[in-house]
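Following: one structure in structure tokens, then a few remarks.
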Amino acid sequence: MSNKDIITTAKSTIQLEADAIKKLLDFIDGNFEKAVDTIAFSKGRLVVSGIGKSAIIAQKIVATFNSTGTPALFMHAADAIHGDLGMIQKEDIIIIISKSGDSPEIKVLATLIKNFGNTLIGMVGNTASFLASQCDIMLNTTVDQEACPNNLAPTTSTTAQMVMGDALAVCLMEVKGFGTIDFARFHPGGMLGKKLYLRVMDLSSQNEHPAVFPNATINQVIVEMTRKRLGTTAVVNNDNTVAGIITDGDLRRMLEKTTVFSALQAQDIMSSRPETINAAMLAADALEIMKSKNISQLIVIENGFYAGIIHLHDLIKEGIV
């Protein structure tokens, strides 16, 4: 197989799967709407099952549901008929995923679920199958062709199943009003979680709070900036409100203009309109402000008063950048 053939095959695979996903648009109908409403307003849990590659897709869909506000459990179809059916409770909604809808385990499981009286949603790629005939709600994931050259290995069909699951999860998020704060509660770890819950005060409180009064001498300014090691200092009034900010850049610009600064005070070289951020805002918001203003630090304000400094390095250290 030449390199050209490899590229052609890869593009053909992607095109086949893309066409199959586009065809799913025709299958978003009243059944889909009914499935969303049934799951959203159920008093029970959502149990998702399948066998073979469909079982792997079921696990992924369950993970997506759980992280987006719809509690879900995975139940392997083969294990279900050997004891795992015990996890199903009276008001649970069951989704069975299957391409053919006629696998022996699927037939047995669908029959048992119907006998239990649970609502059965079939995500199936064969509308004439046993599963399609037994389910209360059918989600059609029929594909014309697998990407596999022998039209056998589950490729296009599993992609269609996954996308249909994503569509369900996103619609359920909308119906339930699942927002960023909810998402943060379920994703506290890693960079994603930090972007959603870590606040400015969580970082600025760990830093020194450099501050000088407007009438401070330049020597006092340099000493304060050196001791607090943030490359900047706030200039504050007697009531701890912010009057301005002095950065390393301000000191350099001062030296470009004069070599005699003994008579200068902080208020003479400070920037009187510093960029600030509320302590309760997200650290990710601080990063966006720094990017848009092309600066590396912000003065933190709490209840109208000076509360510290948040620096770009704080964000880098936490993995938010």
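Just so we're on the same page: first chain in the structure tokens is A, next is B, and so on; residues restart at 1 for each chain, and ligands are numbered from 1 in the order they show up.
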_Could you list, as a PyMOL selection string, every residue within 10 Å of Ser204 in chain A, counting only C-alpha atoms and ignoring same-chain residues fewer than 3 positions away?_
chain A and resi 199-201+207-209+279+283+298-300+307-311+314
With the cut-off set at 9 Å and counting only C-alpha atoms, tabulate each residue of range 15-59 of chain A with an atom at most that distance from an atom of range 78-90 of chain A, showing the nearest atom pair and its distance in Å to one decimal, ordered by chain and increasing number, as CSV.
```
residue,atom,partner,partner_atom,distance
A:Gly44,CA,A:Gln89,CA,7.4
A:Arg45,CA,A:Gln89,CA,8.1
A:Val47,CA,A:Ile88,CA,7.5
A:Ser49,CA,A:Ala80,CA,8.5
A:Gly50,CA,A:Ala78,CA,8.3
A:Ile51,CA,A:Ala78,CA,6.8
```
_What's the separation between CA of Val235 in chain A and CA of Glu288 in chain A, in Å to one decimal place?_
23.8 Å
*Name the residues in contact with Ala20 in chain A at a cut-off of 8 Å, using only C-alpha atoms, excluding same-chain residues fewer than 2 positions from it; report them as a VMD selection string.*
chain A and resid 16 to 18 22 to 24 143 to 144 156 160
Keeping C-alpha atoms for every residue in the selection just given, could you write it to a file as a CSV table (one decimal), in the first residue's frame?
```
chain,number,residue,atom,x,y,z
A,16,LEU,CA,-18.0,8.0,5.2
A,17,GLU,CA,-18.3,8.8,8.9
A,18,ALA,CA,-19.0,12.5,8.3
A,22,LYS,CA,-25.0,14.3,8.7
A,23,LYS,CA,-27.7,11.7,8.0
A,24,LEU,CA,-28.5,11.6,11.8
A,143,VAL,CA,-25.8,3.9,8.8
A,144,ASP,CA,-25.4,3.0,5.1
A,156,THR,CA,-19.3,4.4,11.2
A,160,ALA,CA,-23.2,7.5,15.0
```
_Atom-to-atom span, CA of Val221 in chain A and CA of Ser296 in chain A, Å_ =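 Taking CA of Val221 in chain A as the start and CA of Ser296 in chain A as the end point, the length is 19.0 Å.
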*Can you work out which one of A:Gly304, A:Leu251, A:Val62, A:Ile269 has the shortest atom-to-atom distance to Met162 in chain A, counting only C-alpha atoms?*
A:Val62
*Pick from A:Phe116, A:Phe130, A:Phe261, A:Phe74: nearest to Lys99 in chain A, with only C-alpha atoms counted?*
A:Phe130
*Nearest to Asp37 in chain A: which of A:Ile57, A:Ala77, A:Met123, A:Ile137 is it, counting only C-alpha atoms?*
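Result for the nearest residue to Asp37 in chain A: A:Ile137.
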*Measuring atom to atom with only C-alpha atoms, identify which of A:Ile95, A:Leu168, A:Ile14, A:Leu25 is nearest to Phe65 in chain A.*
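Result for the nearest residue to Phe65 in chain A: A:Leu168.
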